[in-house]
Amino acid sequence: MNAAVLINFLTSIVTLTVGILVLTGSFFPPGSATTKYLFGFVLIAYGVYRFVNTFSRIRQNKNEERLRKIEEERDKLLGGN
């Protein structure tokens with residue numbers, strides 16, 4: 001795993017955690033409940049989006065690597081260098 005993937009996963013975990021803390025009220029000053037809920041849900045949604053996006057990028061890269069290996073093996077089998 002490279003550094004960019006680790007940073008993306010770490011960012012998604014931190015964002016999710018902060019979103020949950022905002023929703024529970026322990027990380028946001030008392031005041032407007034609507035603002036607290038909106039901010040918390042936006043942070044949670046962004047954390048989930050970032051996690052899913054990073055995970056799908058990893059899967060896409062693995063699939064592309066497998067396809068490249070299959071094409072190389074096919075070329076060897078058919079005698080095309």
# chains A, B, ... in the order shown; residues from 1 in each chain; ligands from 1
>>> residues_around(residues="Tyr37 of chain A", least_positions_apart="5", cutoff="10 Å", atoms="only C-alpha atoms", output="PyMOL selection string")
chain A and resi 19-20+22-25+32+42-43
>>> write_last_selection(atoms="C-alpha atoms", output="PDB file, in the first residue's frame")
ATOM      1  CA  GLY A  19     -18.713  13.802  12.089  1.00  0.00           C
ATOM      2  CA  ILE A  20     -19.889  11.411  14.781  1.00  0.00           C
ATOM      3  CA  VAL A  22     -20.242  16.644  16.031  1.00  0.00           C
ATOM      4  CA  LEU A  23     -23.537  14.740  15.946  1.00  0.00           C
ATOM      5  CA  THR A  24     -23.205  13.644  19.561  1.00  0.00           C
ATOM      6  CA  GLY A  25     -22.488  17.217  20.595  1.00  0.00           C
ATOM      7  CA  SER A  32     -28.290  25.557  16.742  1.00  0.00           C
ATOM      8  CA  VAL A  42     -21.950  16.294   5.774  1.00  0.00           C
ATOM      9  CA  LEU A  43     -18.744  15.150   7.468  1.00  0.00           C
TER      10      LEU A  43
END
>>> residues_around(residues="segment 45-50 of chain A", least_positions_apart="6", cutoff="12 Å", atoms="only C-alpha atoms", output="ChimeraX atom specification")
/A:5-20,37-39,56-57
>>> write_last_selection(atoms="C-alpha atoms", output="compact mmCIF listing (two decimals), in the first residue's frame")
# COMPACT_ATOMS: atom_id res chain seq x y z
CA VAL A 5 -3.86 5.22 -0.06
CA LEU A 6 -2.95 5.35 3.62
CA ILE A 7 -3.57 9.10 3.72
CA ASN A 8 -6.96 8.65 2.04
CA PHE A 9 -8.03 5.93 4.49
CA LEU A 10 -6.76 7.94 7.45
CA THR A 11 -8.60 11.05 6.23
CA SER A 12 -11.84 9.10 5.83
CA ILE A 13 -11.56 7.65 9.34
CA VAL A 14 -10.79 11.05 10.89
CA THR A 15 -13.65 12.70 8.98
CA LEU A 16 -16.10 9.99 10.06
CA THR A 17 -14.97 10.29 13.67
CA VAL A 18 -15.28 14.07 13.71
CA GLY A 19 -18.71 13.80 12.09
CA ILE A 20 -19.89 11.41 14.78
CA TYR A 37 -26.77 17.95 12.50
CA LEU A 38 -26.12 19.35 9.05
CA PHE A 39 -22.39 19.69 9.66
CA SER A 56 -12.97 1.19 -5.46
CA ARG A 57 -9.78 2.73 -6.89
>>> atom_distance(atom1="atom CA of Leu67 of chain A", atom2="atom CA of Thr54 of chain A")
20.1 Å
>>> select_by_dssp(residues="chain A", states="alpha helix (DSSP H)", output="ChimeraX atom specification")
/A:3-24,33-77
>>> atom_distance(atom1="atom CA of Asn2 of chain A", atom2="atom CA of Ile70 of chain A")
24.1 Å
